[in-house]
Each structure stands twice: as structure tokens, then as C-alpha cells.
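Enquirer: Enclosed is the structure file final-v1.pdb (PDB, C-alpha atoms, pLDDT in the B column).
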ATOM      1  CA  MET A 564      -1.442 -32.595-110.251  1.00 66.00           C
ATOM      2  CA  SER A 565      -1.754 -36.381-110.710  1.00 84.00           C
ATOM      3  CA  GLU A 566      -4.196 -37.951-113.177  1.00 84.00           C
ATOM      4  CA  LEU A 567      -6.311 -39.115-110.246  1.00 84.00           C
ATOM      5  CA  GLU A 568      -6.437 -35.637-108.755  1.00 83.00           C
ATOM      6  CA  ASN A 569      -7.446 -34.291-112.163  1.00 82.00           C
ATOM      7  CA  ALA A 570     -10.263 -36.841-112.338  1.00 83.00           C
ATOM      8  CA  LEU A 571     -11.418 -36.181-108.772  1.00 84.00           C
ATOM      9  CA  ASP A 572     -11.244 -32.445-109.356  1.00 82.00           C
ATOM     10  CA  ARG A 573     -14.206 -32.825-111.708  1.00 81.00           C
ATOM     11  CA  ILE A 574     -16.381 -33.712-108.712  1.00 81.00           C
ATOM     12  CA  ARG A 575     -17.626 -30.291-107.619  1.00 78.00           C
ATOM     13  CA  ASP A 576     -20.463 -31.423-105.365  1.00 78.00           C
ATOM     14  CA  ASN A 577     -19.688 -29.991-101.909  1.00 78.00           C
ATOM     15  CA  ALA A 578     -21.643 -32.790-100.246  1.00 76.00           C
ATOM     16  CA  LEU A 579     -19.030 -35.236-101.541  1.00 80.00           C
ATOM     17  CA  GLN A 580     -15.920 -33.439-100.310  1.00 84.00           C
ATOM     18  CA  ASP A 581     -15.716 -35.663 -97.211  1.00 86.00           C
ATOM     19  CA  ALA A 582     -15.968 -38.815 -99.361  1.00 86.00           C
ATOM     20  CA  LYS A 583     -13.235 -37.502-101.697  1.00 86.00           C
ATOM     21  CA  ASN A 584     -10.974 -36.731 -98.748  1.00 88.00           C
ATOM     22  CA  GLU A 585     -11.631 -40.127 -97.164  1.00 88.00           C
ATOM     23  CA  PHE A 586     -10.929 -41.830-100.510  1.00 88.00           C
ATOM     24  CA  GLN A 587      -7.590 -40.069-100.924  1.00 88.00           C
ATOM     25  CA  GLN A 588      -6.690 -40.750 -97.285  1.00 89.00           C
ATOM     26  CA  LEU A 589      -7.453 -44.472 -97.666  1.00 88.00           C
ATOM     27  CA  LEU A 590      -5.403 -44.655-100.886  1.00 89.00           C
ATOM     28  CA  SER A 591      -2.522 -42.941 -99.141  1.00 88.00           C
ATOM     29  CA  GLU A 592      -2.767 -45.332 -96.169  1.00 87.00           C
ATOM     30  CA  ALA A 593      -2.799 -48.303 -98.552  1.00 87.00           C
ATOM     31  CA  LYS A 594       0.262 -47.044-100.426  1.00 86.00           C
ATOM     32  CA  GLY A 595       2.143 -46.973 -97.130  1.00 86.00           C
ATOM     33  CA  SER A 596       1.196 -50.559 -96.290  1.00 85.00           C
ATOM     34  CA  SER A 597       3.958 -53.120 -95.947  1.00 83.00           C
ATOM     35  CA  GLU A 598       1.745 -55.633 -97.775  1.00 85.00           C
ATOM     36  CA  GLN A 599       2.209 -55.681-101.567  1.00 88.00           C
ATOM     37  CA  PHE A 600      -1.356 -56.784-102.238  1.00 89.00           C
ATOM     38  CA  ILE A 601      -2.765 -53.728-100.417  1.00 89.00           C
ATOM     39  CA  LYS A 602      -0.448 -51.415-102.382  1.00 90.00           C
ATOM     40  CA  ASN A 603      -1.401 -53.036-105.695  1.00 90.00           C
ATOM     41  CA  ASN A 604      -5.084 -52.792-104.833  1.00 90.00           C
ATOM     42  CA  SER A 605      -4.931 -49.038-104.290  1.00 90.00           C
ATOM     43  CA  ALA A 606      -2.799 -48.482-107.422  1.00 91.00           C
ATOM     44  CA  ARG A 607      -5.284 -50.449-109.535  1.00 93.00           C
ATOM     45  CA  VAL A 608      -8.349 -48.648-108.209  1.00 93.00           C
ATOM     46  CA  GLU A 609      -6.610 -45.364-108.915  1.00 92.00           C
ATOM     47  CA  GLN A 610      -5.759 -46.496-112.466  1.00 94.00           C
ATOM     48  CA  TRP A 611      -9.329 -47.679-113.178  1.00 95.00           C
ATOM     49  CA  VAL A 612     -10.861 -44.407-111.946  1.00 93.00           C
ATOM     50  CA  VAL A 613      -8.568 -42.571-114.380  1.00 93.00           C
ATOM     51  CA  MET A 614      -9.404 -45.022-117.215  1.00 95.00           C
ATOM     52  CA  LEU A 615     -13.127 -44.558-116.551  1.00 94.00           C
ATOM     53  CA  SER A 616     -12.864 -40.793-116.474  1.00 91.00           C
ATOM     54  CA  ASN A 617     -10.900 -40.881-119.781  1.00 92.00           C
ATOM     55  CA  GLY A 618     -13.527 -43.144-121.399  1.00 93.00           C
ATOM     56  CA  GLU A 619     -11.093 -46.056-121.895  1.00 95.00           C
ATOM     57  CA  ILE A 620     -13.499 -48.392-120.074  1.00 95.00           C
ATOM     58  CA  ASP A 621     -17.228 -48.016-119.409  1.00 94.00           C
ATOM     59  CA  LYS A 622     -19.081 -48.200-116.084  1.00 93.00           C
ATOM     60  CA  GLU A 623     -20.019 -51.898-116.512  1.00 95.00           C
ATOM     61  CA  GLU A 624     -16.392 -52.810-117.171  1.00 96.00           C
ATOM     62  CA  PHE A 625     -15.296 -50.715-114.218  1.00 95.00           C
ATOM     63  CA  ASP A 626     -17.775 -52.534-111.928  1.00 95.00           C
ATOM     64  CA  ASP A 627     -16.581 -55.866-113.322  1.00 96.00           C
ATOM     65  CA  LEU A 628     -12.942 -55.004-112.506  1.00 96.00           C
ATOM     66  CA  ILE A 629     -13.938 -53.989-108.985  1.00 95.00           C
ATOM     67  CA  ALA A 630     -15.760 -57.336-108.617  1.00 95.00           C
ATOM     68  CA  ASP A 631     -12.599 -59.124-109.823  1.00 95.00           C
ATOM     69  CA  GLN A 632     -10.582 -57.247-107.236  1.00 93.00           C
ATOM     70  CA  ARG A 633     -13.051 -58.196-104.477  1.00 92.00           C
ATOM     71  CA  LEU A 634     -12.493 -61.863-105.358  1.00 94.00           C
ATOM     72  CA  ALA A 635      -8.728 -61.281-105.291  1.00 92.00           C
ATOM     73  CA  ALA A 636      -9.140 -59.731-101.819  1.00 90.00           C
ATOM     74  CA  GLU A 637     -11.016 -62.856-100.732  1.00 90.00           C
ATOM     75  CA  GLN A 638      -8.211 -65.003-102.157  1.00 91.00           C
ATOM     76  CA  PHE A 639      -5.628 -62.848-100.396  1.00 89.00           C
ATOM     77  CA  VAL A 640      -7.406 -63.248 -97.045  1.00 86.00           C
ATOM     78  CA  ASN A 641      -7.491 -67.020 -97.649  1.00 86.00           C
ATOM     79  CA  THR A 642      -3.665 -67.004 -97.618  1.00 82.00           C
ATOM     80  CA  GLN A 643      -3.348 -65.019 -94.365  1.00 77.00           C
ATOM     81  CA  ALA A 644      -3.180 -66.027 -90.736  1.00 68.00           C
ATOM     82  CA  ILE A 645      -6.443 -65.367 -88.854  1.00 63.00           C
ATOM     83  CA  GLY A 646      -5.075 -62.354 -86.935  1.00 62.00           C
ATOM     84  CA  ALA A 647      -4.024 -60.444 -90.044  1.00 64.00           C
ATOM     85  CA  GLN A 648      -7.182 -61.154 -92.032  1.00 64.00           C
ATOM     86  CA  ALA A 649      -9.636 -58.603 -90.630  1.00 68.00           C
ATOM     87  CA  ARG A 650      -7.177 -55.703 -90.609  1.00 69.00           C
ATOM     88  CA  GLN A 651      -6.033 -56.219 -94.204  1.00 70.00           C
ATOM     89  CA  GLN A 652      -9.467 -57.006 -95.543  1.00 74.00           C
ATOM     90  CA  ARG A 653     -10.871 -53.848 -93.932  1.00 78.00           C
ATOM     91  CA  LEU A 654      -8.573 -51.464 -95.807  1.00 81.00           C
ATOM     92  CA  THR A 655      -8.968 -53.234 -99.162  1.00 84.00           C
ATOM     93  CA  LEU A 656     -12.756 -53.470 -99.026  1.00 85.00           C
ATOM     94  CA  GLN A 657     -13.171 -49.943 -97.644  1.00 85.00           C
ATOM     95  CA  ILE A 658     -11.411 -48.557-100.720  1.00 89.00           C
ATOM     96  CA  LEU A 659     -13.462 -50.690-103.125  1.00 90.00           C
ATOM     97  CA  ASP A 660     -16.766 -49.837-101.386  1.00 88.00           C
ATOM     98  CA  LEU A 661     -16.129 -46.105-101.243  1.00 88.00           C
ATOM     99  CA  THR A 662     -15.107 -46.082-104.907  1.00 90.00           C
ATOM    100  CA  ILE A 663     -18.288 -47.808-106.040  1.00 87.00           C
ATOM    101  CA  THR A 664     -20.791 -46.085-103.758  1.00 87.00           C
ATOM    102  CA  ASN A 665     -19.544 -42.470-103.774  1.00 85.00           C
ATOM    103  CA  ILE A 666     -16.633 -41.649-106.044  1.00 88.00           C
ATOM    104  CA  VAL A 667     -17.610 -43.232-109.350  1.00 88.00           C
ATOM    105  CA  PRO A 668     -21.294 -42.141-109.408  1.00 87.00           C
ATOM    106  CA  ALA A 669     -20.202 -38.551-108.665  1.00 85.00           C
ATOM    107  CA  LEU A 670     -17.455 -38.728-111.268  1.00 83.00           C
ATOM    108  CA  LEU A 671     -19.838 -40.028-113.949  1.00 84.00           C
ATOM    109  CA  ALA A 672     -22.373 -37.332-113.091  1.00 82.00           C
ATOM    110  CA  ALA A 673     -19.659 -34.707-113.532  1.00 79.00           C
ATOM    111  CA  LEU A 674     -18.426 -35.975-116.933  1.00 75.00           C
TER     112      LEU A 674
ATOM    113  CA  MET B 343       8.567-104.739 -77.066  1.00 51.00           C
ATOM    114  CA  THR B 344      11.947-102.965 -76.932  1.00 55.00           C
ATOM    115  CA  SER B 345      12.517 -99.739 -74.996  1.00 57.00           C
ATOM    116  CA  THR B 346      13.249 -97.925 -78.311  1.00 55.00           C
ATOM    117  CA  SER B 347       9.869 -98.785 -79.835  1.00 54.00           C
ATOM    118  CA  LEU B 348       8.153 -97.805 -76.596  1.00 53.00           C
ATOM    119  CA  HIS B 349       9.960 -94.467 -76.758  1.00 60.00           C
ATOM    120  CA  TYR B 350       8.685 -93.849 -80.315  1.00 54.00           C
ATOM    121  CA  ARG B 351       5.173 -94.847 -79.289  1.00 56.00           C
ATOM    122  CA  HIS B 352       5.272 -92.236 -76.515  1.00 59.00           C
ATOM    123  CA  ILE B 353       6.423 -89.534 -78.933  1.00 55.00           C
ATOM    124  CA  LEU B 354       3.675 -90.501 -81.400  1.00 49.00           C
ATOM    125  CA  SER B 355       1.061 -90.402 -78.626  1.00 53.00           C
ATOM    126  CA  VAL B 356       2.147 -86.907 -77.595  1.00 51.00           C
ATOM    127  CA  LEU B 357       2.030 -85.706 -81.225  1.00 49.00           C
ATOM    128  CA  CYS B 358      -1.447 -87.174 -81.710  1.00 43.00           C
ATOM    129  CA  LEU B 359      -2.602 -85.524 -78.486  1.00 47.00           C
ATOM    130  CA  LEU B 360      -1.207 -82.140 -79.592  1.00 47.00           C
ATOM    131  CA  ALA B 361      -2.881 -82.447 -82.987  1.00 46.00           C
ATOM    132  CA  SER B 362      -6.240 -83.193 -81.404  1.00 46.00           C
ATOM    133  CA  PHE B 363      -6.256 -80.056 -79.216  1.00 44.00           C
ATOM    134  CA  ASN B 364      -8.950 -77.561 -80.102  1.00 41.00           C
ATOM    135  CA  GLY B 365      -7.670 -75.053 -82.661  1.00 42.00           C
ATOM    136  CA  CYS B 366      -4.737 -77.194 -83.673  1.00 43.00           C
ATOM    137  CA  GLN B 367      -5.212 -77.798 -87.370  1.00 44.00           C
ATOM    138  CA  VAL B 368      -3.303 -80.452 -89.250  1.00 44.00           C
ATOM    139  CA  LEU B 369      -2.685 -79.047 -92.747  1.00 51.00           C
ATOM    140  CA  GLU B 370      -2.308 -81.195 -95.791  1.00 57.00           C
ATOM    141  CA  PRO B 371       1.111 -80.837 -97.432  1.00 61.00           C
ATOM    142  CA  PRO B 372       1.390 -78.822-100.677  1.00 64.00           C
ATOM    143  CA  SER B 373      -0.233 -80.822-103.432  1.00 74.00           C
ATOM    144  CA  LYS B 374       1.354 -81.414-106.834  1.00 80.00           C
ATOM    145  CA  SER B 375      -1.994 -82.261-108.416  1.00 84.00           C
ATOM    146  CA  PHE B 376      -3.510 -79.052-107.028  1.00 88.00           C
ATOM    147  CA  ASP B 377      -0.657 -77.085-108.567  1.00 89.00           C
ATOM    148  CA  GLN B 378      -1.226 -78.827-111.911  1.00 91.00           C
ATOM    149  CA  SER B 379      -4.934 -78.006-111.704  1.00 93.00           C
ATOM    150  CA  LEU B 380      -4.107 -74.339-111.082  1.00 95.00           C
ATOM    151  CA  THR B 381      -1.791 -74.279-114.091  1.00 96.00           C
ATOM    152  CA  SER B 382      -4.314 -75.751-116.513  1.00 97.00           C
ATOM    153  CA  LEU B 383      -7.185 -73.650-115.133  1.00 98.00           C
ATOM    154  CA  SER B 384      -5.193 -70.410-115.362  1.00 98.00           C
ATOM    155  CA  GLN B 385      -4.197 -71.195-118.970  1.00 98.00           C
ATOM    156  CA  PHE B 386      -7.839 -71.881-119.783  1.00 98.00           C
ATOM    157  CA  GLN B 387      -9.126 -68.711-118.089  1.00 98.00           C
ATOM    158  CA  LEU B 388      -6.535 -66.446-119.729  1.00 98.00           C
ATOM    159  CA  ALA B 389      -7.268 -67.966-123.144  1.00 98.00           C
ATOM    160  CA  PHE B 390     -10.994 -67.471-122.474  1.00 98.00           C
ATOM    161  CA  ILE B 391     -10.421 -63.741-121.957  1.00 98.00           C
ATOM    162  CA  ASP B 392      -8.371 -63.567-125.189  1.00 98.00           C
ATOM    163  CA  THR B 393     -11.060 -65.415-127.142  1.00 98.00           C
ATOM    164  CA  TYR B 394     -13.735 -62.983-125.969  1.00 98.00           C
ATOM    165  CA  THR B 395     -11.793 -59.730-126.363  1.00 98.00           C
ATOM    166  CA  ALA B 396     -12.926 -57.404-129.130  1.00 96.00           C
ATOM    167  CA  ALA B 397     -10.867 -57.324-132.334  1.00 96.00           C
ATOM    168  CA  PRO B 398     -11.568 -55.949-135.808  1.00 96.00           C
ATOM    169  CA  GLY B 399     -13.854 -58.298-137.719  1.00 95.00           C
ATOM    170  CA  LYS B 400     -14.390 -60.660-134.779  1.00 95.00           C
ATOM    171  CA  LEU B 401     -17.926 -62.069-134.663  1.00 95.00           C
ATOM    172  CA  TRP B 402     -19.829 -63.456-131.696  1.00 95.00           C
ATOM    173  CA  ASP B 403     -20.329 -67.225-131.882  1.00 96.00           C
ATOM    174  CA  ASP B 404     -22.925 -68.231-129.317  1.00 95.00           C
ATOM    175  CA  ALA B 405     -22.446 -71.995-129.860  1.00 97.00           C
ATOM    176  CA  LYS B 406     -18.704 -71.737-129.247  1.00 97.00           C
ATOM    177  CA  PHE B 407     -19.345 -69.536-126.222  1.00 98.00           C
ATOM    178  CA  ARG B 408     -21.617 -72.217-124.669  1.00 97.00           C
ATOM    179  CA  GLU B 409     -19.044 -74.884-125.523  1.00 98.00           C
ATOM    180  CA  ASP B 410     -16.272 -72.902-123.796  1.00 98.00           C
ATOM    181  CA  ILE B 411     -18.434 -72.359-120.708  1.00 98.00           C
ATOM    182  CA  ASN B 412     -19.146 -76.094-120.495  1.00 98.00           C
ATOM    183  CA  LYS B 413     -15.467 -76.908-120.931  1.00 98.00           C
ATOM    184  CA  GLY B 414     -14.535 -74.517-118.103  1.00 98.00           C
ATOM    185  CA  GLU B 415     -17.266 -75.843-115.818  1.00 98.00           C
ATOM    186  CA  VAL B 416     -16.078 -79.418-116.371  1.00 98.00           C
ATOM    187  CA  MET B 417     -12.480 -78.377-115.618  1.00 97.00           C
ATOM    188  CA  PHE B 418     -13.476 -76.675-112.362  1.00 97.00           C
ATOM    189  CA  SER B 419     -15.706 -79.585-111.278  1.00 97.00           C
ATOM    190  CA  SER B 420     -12.905 -82.016-111.934  1.00 96.00           C
ATOM    191  CA  ALA B 421     -10.343 -79.857-110.068  1.00 95.00           C
ATOM    192  CA  MET B 422     -12.660 -79.534-107.044  1.00 95.00           C
ATOM    193  CA  ALA B 423     -13.719 -83.179-106.911  1.00 94.00           C
ATOM    194  CA  GLY B 424     -12.232 -84.955-103.944  1.00 84.00           C
ATOM    195  CA  VAL B 425     -10.462 -81.897-102.499  1.00 90.00           C
ATOM    196  CA  ALA B 426     -10.866 -82.211 -98.739  1.00 89.00           C
ATOM    197  CA  ASP B 427      -8.666 -79.362 -97.555  1.00 90.00           C
ATOM    198  CA  GLN B 428     -10.962 -76.390 -96.851  1.00 90.00           C
ATOM    199  CA  LYS B 429      -8.480 -73.644 -97.767  1.00 89.00           C
ATOM    200  CA  ARG B 430      -7.655 -75.369-101.037  1.00 93.00           C
ATOM    201  CA  LEU B 431     -11.357 -75.796-101.811  1.00 94.00           C
ATOM    202  CA  LYS B 432     -12.011 -72.141-100.988  1.00 94.00           C
ATOM    203  CA  ALA B 433      -9.183 -71.062-103.328  1.00 95.00           C
ATOM    204  CA  LEU B 434     -10.727 -73.063-106.179  1.00 96.00           C
ATOM    205  CA  ASP B 435     -14.214 -71.781-105.362  1.00 97.00           C
ATOM    206  CA  ILE B 436     -13.001 -68.160-105.643  1.00 96.00           C
ATOM    207  CA  LEU B 437     -11.379 -68.873-109.027  1.00 97.00           C
ATOM    208  CA  HIS B 438     -14.530 -70.639-110.191  1.00 98.00           C
ATOM    209  CA  ARG B 439     -16.710 -67.694-109.181  1.00 98.00           C
ATOM    210  CA  GLN B 440     -14.401 -65.389-111.134  1.00 97.00           C
ATOM    211  CA  PHE B 441     -14.886 -67.523-114.264  1.00 98.00           C
ATOM    212  CA  GLN B 442     -18.670 -67.607-113.739  1.00 98.00           C
ATOM    213  CA  LYS B 443     -18.739 -63.845-113.277  1.00 98.00           C
ATOM    214  CA  ASP B 444     -16.791 -63.374-116.518  1.00 98.00           C
ATOM    215  CA  TYR B 445     -19.081 -65.472-118.676  1.00 98.00           C
ATOM    216  CA  THR B 446     -22.203 -63.983-117.074  1.00 98.00           C
ATOM    217  CA  PHE B 447     -20.817 -60.513-117.835  1.00 97.00           C
ATOM    218  CA  LEU B 448     -20.133 -61.490-121.455  1.00 97.00           C
ATOM    219  CA  GLN B 449     -23.577 -63.028-121.841  1.00 97.00           C
ATOM    220  CA  THR B 450     -25.241 -59.865-120.504  1.00 96.00           C
ATOM    221  CA  ARG B 451     -23.165 -57.665-122.811  1.00 94.00           C
ATOM    222  CA  ALA B 452     -23.901 -59.892-125.810  1.00 95.00           C
ATOM    223  CA  ASN B 453     -27.641 -59.637-125.081  1.00 94.00           C
ATOM    224  CA  GLU B 454     -27.272 -55.853-124.980  1.00 93.00           C
ATOM    225  CA  GLY B 455     -25.616 -55.909-128.410  1.00 91.00           C
ATOM    226  CA  LYS B 456     -22.091 -55.052-127.246  1.00 89.00           C
ATOM    227  CA  PRO B 457     -20.334 -58.419-126.985  1.00 92.00           C
ATOM    228  CA  PHE B 458     -16.707 -58.984-125.976  1.00 96.00           C
ATOM    229  CA  PHE B 459     -14.411 -57.339-123.441  1.00 96.00           C
ATOM    230  CA  SER B 460     -12.751 -54.148-124.631  1.00 96.00           C
ATOM    231  CA  VAL B 461      -8.984 -54.437-125.109  1.00 97.00           C
ATOM    232  CA  ALA B 462      -8.347 -52.077-122.168  1.00 97.00           C
ATOM    233  CA  ALA B 463     -10.624 -54.021-119.796  1.00 97.00           C
ATOM    234  CA  ALA B 464      -9.254 -57.396-120.980  1.00 98.00           C
ATOM    235  CA  GLN B 465      -5.666 -56.323-120.231  1.00 98.00           C
ATOM    236  CA  GLN B 466      -6.673 -55.419-116.682  1.00 97.00           C
ATOM    237  CA  LYS B 467      -8.680 -58.611-116.256  1.00 97.00           C
ATOM    238  CA  LYS B 468      -5.741 -60.784-117.302  1.00 97.00           C
ATOM    239  CA  ILE B 469      -3.530 -59.112-114.706  1.00 96.00           C
ATOM    240  CA  LEU B 470      -6.201 -59.774-112.060  1.00 95.00           C
ATOM    241  CA  ILE B 471      -6.634 -63.419-113.080  1.00 96.00           C
ATOM    242  CA  GLU B 472      -2.876 -63.994-112.895  1.00 96.00           C
ATOM    243  CA  GLN B 473      -2.830 -62.298-109.501  1.00 94.00           C
ATOM    244  CA  ASN B 474      -5.664 -64.501-108.266  1.00 95.00           C
ATOM    245  CA  TYR B 475      -3.849 -67.695-109.307  1.00 96.00           C
ATOM    246  CA  ASP B 476      -0.590 -66.419-107.783  1.00 94.00           C
ATOM    247  CA  LEU B 477      -2.439 -65.883-104.502  1.00 92.00           C
ATOM    248  CA  ALA B 478      -3.913 -69.389-104.675  1.00 93.00           C
ATOM    249  CA  ARG B 479      -0.369 -70.760-105.145  1.00 92.00           C
ATOM    250  CA  LYS B 480       0.878 -68.570-102.299  1.00 87.00           C
ATOM    251  CA  GLY B 481      -1.749 -70.223-100.091  1.00 82.00           C
ATOM    252  CA  GLU B 482      -0.026 -73.525-100.831  1.00 76.00           C
ATOM    253  CA  LEU B 483       3.420 -72.155 -99.899  1.00 72.00           C
ATOM    254  CA  VAL B 484       2.074 -70.917 -96.572  1.00 67.00           C
ATOM    255  CA  ARG B 485       1.402 -74.527 -95.624  1.00 57.00           C
ATOM    256  CA  SER B 486       4.883 -75.806 -96.398  1.00 51.00           C
TER     257      SER B 486
END
Could you take the file, read its structure, and then write that structure out as C-alpha cells?
Expert:
Amino acid sequence: MSELENALDRIRDNALQDAKNEFQQLLSEAKGSSEQFIKNNSARVEQWVVMLSNGEIDKEEFDDLIADQRLAAEQFVNTQAIGAQARQQRLTLQILDLTITNIVPALLAAL
Amino acid sequence: MTSTSLHYRHILSVLCLLASFNGCQVLEPPSKSFDQSLTSLSQFQLAFIDTYTAAPGKLWDDAKFREDINKGEVMFSSAMAGVADQKRLKALDILHRQFQKDYTFLQTRANEGKPFFSVAAAQQKKILIEQNYDLARKGELVRS
């Protein structure tokens, strides 16, 4: 079992199973992307969730890193042609939003 | 007027006409001064993170903190002054907002009695700052 799976396994709330599944599905989709930025984004979010669950960073620092990554996503979109922007921004921001709104609060409640 | 100069005038007219079509954007060429601004700003921002990362015995110096914020703000204002290209301006604006977010975060933490970035968070932040500047440079390469 990966470190992320170990961390997510702590979330026992049945109401959040769909969010957990969606989160893992989005991360998997991002890892398969041909765009390096999208891959890096998912790897970093995964790493930060593990760091948070291990107590290496606190919730404020986690939120700050997510905010940094949002700005990087904005910068990334600024380098793309118009057609590619919406598609690539969607996947990146979906992962960041789901992490902040569902995964991390549930994880912290379970710790 | 010779037939050669007339020929060039026709080509120039066609190019001007093409450039004026709706949706046809004339991009500025990659800028050396923009690249220099990115280099000095990235060095400043990375050093800022180092300065405000926790270390044994390190004490919070509010006067120096304000001084560093002012220095950064002046650097960003100077880099953004006179930049007409919208994509270039947007790239600088994103980097500026990242700097503002960082010092606001530090200020909030200092007020709560836990100043400085932790070493683990600072390492991640430095990777993200470098990534953000790399993307801003990539935006320049896209134009060339």
C-alpha cells in the first residue's frame, strides 16, 4: 500500500468514499497526462497530503502550498495556447479543490 | 519609384493587413530585460524564503522583515513598469502575488507567535517558486 493510500485509509467516514474515489481517479488521470506540469501537480499534492498526515507540515502550511500551486497553475495556463488552457486548467484545479474541500478536512478529523 | 520598391511595399501592405485582422495578435519578441528581471526577482524570492525559514536560535526581526518587503515591492514595481505585453505583465503579476502571499502568511504566523516557515514547508515552497519562474520563462520561449 502506498503512503497516500495509508493516509487516505484513515478516512473512515462512509459519506466521503465517493470523494476519496474521485480524488484517486483524478490523481491517476493526471499521472497519465502527457503534460509534465499536470503530472508534477498530482505528485506534489500526493506528497503534501502524506506530509500533512505525518505531521511534517501543519494545515496552514498545507493551504499555503496549495495556494502556491494554484498560482503555478495560473502561470502554466498563461504559457498555453487558448485551446489547451481550459482542459489542462480543469484537471489541475479539480485536484486542488477536492483536496482542500473534502480530503484534507476529513483526514485531519481522522488523525 | 522602382518596381522592386513597389513590390516590397505590396508585401508590407499585405503583412500589415494580416496583422490587423481580428484575432491576429502581434507578439513582442523575447525580451532580454524581462529575462534579467526574472533572474533577479527569483534570486530575491528564494533568498527571502531562506531568510524566513526556521533555524535554531533564529529570532524574528520585524524591522528587517518590513525592509525586505519594501525591497521586494520596489523590485516588482520596477520590473512591471513600462511592460506593455499583456502575457508578460500577467506572468509578473502572478509572481508578485506569490511574494505578497508569502509575506502575508509570515506576518500572520508571526502575530500568532509561530514565525518563520518550517524547513519542510520552505523546501517545498522553493521548488514551487523555481517552477513558477521556469513557467514564466517558458512563456517567453513560446513567443520565439
Enquirer: Just the number, please: distance in Å from CA of Gln587 in chain A to CA of Ser616 in chain A, one decimal.
Expert: 16.4 Å
Enquirer: Find the distance between CA of Ser605 in chain A and CA of Asp392 in chain B and write it in Å to one decimal.
Expert: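 Going from CA of Ser605 in chain A over to CA of Asp392 in chain B covers 25.7 Å.
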Enquirer: Between CA of Phe447 in chain B and CA of Ala606 in chain A, what is the distance in Å, rounded to a tenth?
Expert: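 Straight-line distance from CA of Phe447 in chain B to CA of Ala606 in chain A works out to 24.0 Å.
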Enquirer: Suppose a student applies the PyMOL selection byres ((chain B) within 12 of (chain A)) to this structure; what residues should they get, written as a ChimeraX atom specification?
Expert: /B:365,428-448,450-451,454,456-485
Enquirer: Would you mind telling me which residue in A:Glu585, A:Glu566, A:Asp660, A:Asp576 lies nearest to Val612 in chain A when using all atoms listed in the file?
Expert: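 Nearest candidate to Val612 in chain A out of A:Glu585, A:Glu566, A:Asp660, A:Asp576: A:Glu566.
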Enquirer: Can you pull out the residues contacting range 404-408 of chain B? Cut-off 9 Å, using all atoms listed in the file, and skip same-chain residues under 3 positions away; I want them as a ChimeraX atom specification.
Expert: /B:394,411-413,445,449
Enquirer: Suppose we keep C-alpha atoms; can you now write the selection as a compact mmCIF listing (two decimals), keeping the file's coordinate frame?
Expert:
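Here's the written file out_32.txt:
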# COMPACT_ATOMS: atom_id res chain seq x y z
CA TYR B 394 -13.74 -62.98 -125.97
CA ILE B 411 -18.43 -72.36 -120.71
CA ASN B 412 -19.15 -76.09 -120.50
CA LYS B 413 -15.47 -76.91 -120.93
CA TYR B 445 -19.08 -65.47 -118.68
CA GLN B 449 -23.58 -63.03 -121.84
Enquirer: Might you spell out which residues the PyMOL selection byres ((chain A and resi 665) around 12) would select in the displayed file, as a ChimeraX atom specification?
Expert: /A:571,574,576,578-586,657-664,666-672
Enquirer: Any chance you could export the current selection's C-alpha atoms as a compact mmCIF listing (two decimals), keeping the file's coordinate frame?
Expert:
# COMPACT_ATOMS: atom_id res chain seq x y z
CA LEU A 571 -11.42 -36.18 -108.77
CA ILE A 574 -16.38 -33.71 -108.71
CA ASP A 576 -20.46 -31.42 -105.36
CA ALA A 578 -21.64 -32.79 -100.25
CA LEU A 579 -19.03 -35.24 -101.54
CA GLN A 580 -15.92 -33.44 -100.31
CA ASP A 581 -15.72 -35.66 -97.21
CA ALA A 582 -15.97 -38.82 -99.36
CA LYS A 583 -13.24 -37.50 -101.70
CA ASN A 584 -10.97 -36.73 -98.75
CA GLU A 585 -11.63 -40.13 -97.16
CA PHE A 586 -10.93 -41.83 -100.51
CA GLN A 657 -13.17 -49.94 -97.64
CA ILE A 658 -11.41 -48.56 -100.72
CA LEU A 659 -13.46 -50.69 -103.12
CA ASP A 660 -16.77 -49.84 -101.39
CA LEU A 661 -16.13 -46.10 -101.24
CA THR A 662 -15.11 -46.08 -104.91
CA ILE A 663 -18.29 -47.81 -106.04
CA THR A 664 -20.79 -46.08 -103.76
CA ILE A 666 -16.63 -41.65 -106.04
CA VAL A 667 -17.61 -43.23 -109.35
CA PRO A 668 -21.29 -42.14 -109.41
CA ALA A 669 -20.20 -38.55 -108.66
CA LEU A 670 -17.45 -38.73 -111.27
CA LEU A 671 -19.84 -40.03 -113.95
CA ALA A 672 -22.37 -37.33 -113.09
Enquirer: Using the chain letters and numbering of this document, enumerate as a PDB file with C-alpha atoms, in the frame of the given file the residues selected by the PyMOL selection byres ((chain A and resi 592) around 12).
Expert:
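Result saved to selection37.pdb:
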ATOM      1  CA  GLU A 585     -11.631 -40.127 -97.164  1.00 88.00           C
ATOM      2  CA  PHE A 586     -10.929 -41.830-100.510  1.00 88.00           C
ATOM      3  CA  GLN A 587      -7.590 -40.069-100.924  1.00 88.00           C
ATOM      4  CA  GLN A 588      -6.690 -40.750 -97.285  1.00 89.00           C
ATOM      5  CA  LEU A 589      -7.453 -44.472 -97.666  1.00 88.00           C
ATOM      6  CA  LEU A 590      -5.403 -44.655-100.886  1.00 89.00           C
ATOM      7  CA  SER A 591      -2.522 -42.941 -99.141  1.00 88.00           C
ATOM      8  CA  ALA A 593      -2.799 -48.303 -98.552  1.00 87.00           C
ATOM      9  CA  LYS A 594       0.262 -47.044-100.426  1.00 86.00           C
ATOM     10  CA  GLY A 595       2.143 -46.973 -97.130  1.00 86.00           C
ATOM     11  CA  SER A 596       1.196 -50.559 -96.290  1.00 85.00           C
ATOM     12  CA  SER A 597       3.958 -53.120 -95.947  1.00 83.00           C
ATOM     13  CA  GLU A 598       1.745 -55.633 -97.775  1.00 85.00           C
ATOM     14  CA  ILE A 601      -2.765 -53.728-100.417  1.00 89.00           C
ATOM     15  CA  LYS A 602      -0.448 -51.415-102.382  1.00 90.00           C
ATOM     16  CA  ASN A 604      -5.084 -52.792-104.833  1.00 90.00           C
ATOM     17  CA  SER A 605      -4.931 -49.038-104.290  1.00 90.00           C
ATOM     18  CA  ALA A 606      -2.799 -48.482-107.422  1.00 91.00           C
ATOM     19  CA  GLN A 651      -6.033 -56.219 -94.204  1.00 70.00           C
ATOM     20  CA  ARG A 653     -10.871 -53.848 -93.932  1.00 78.00           C
ATOM     21  CA  LEU A 654      -8.573 -51.464 -95.807  1.00 81.00           C
ATOM     22  CA  THR A 655      -8.968 -53.234 -99.162  1.00 84.00           C
ATOM     23  CA  GLN A 657     -13.171 -49.943 -97.644  1.00 85.00           C
ATOM     24  CA  ILE A 658     -11.411 -48.557-100.720  1.00 89.00           C
TER      25      ILE A 658
END
Enquirer: From the list B:Asn453, B:Ser420, B:Ser379, B:Ser373, which residue is nearest Trp402 in chain B when using only C-alpha atoms?
Expert: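 Looking only at the distances to Trp402 in chain B, the closest residue turns out to be B:Asn453.
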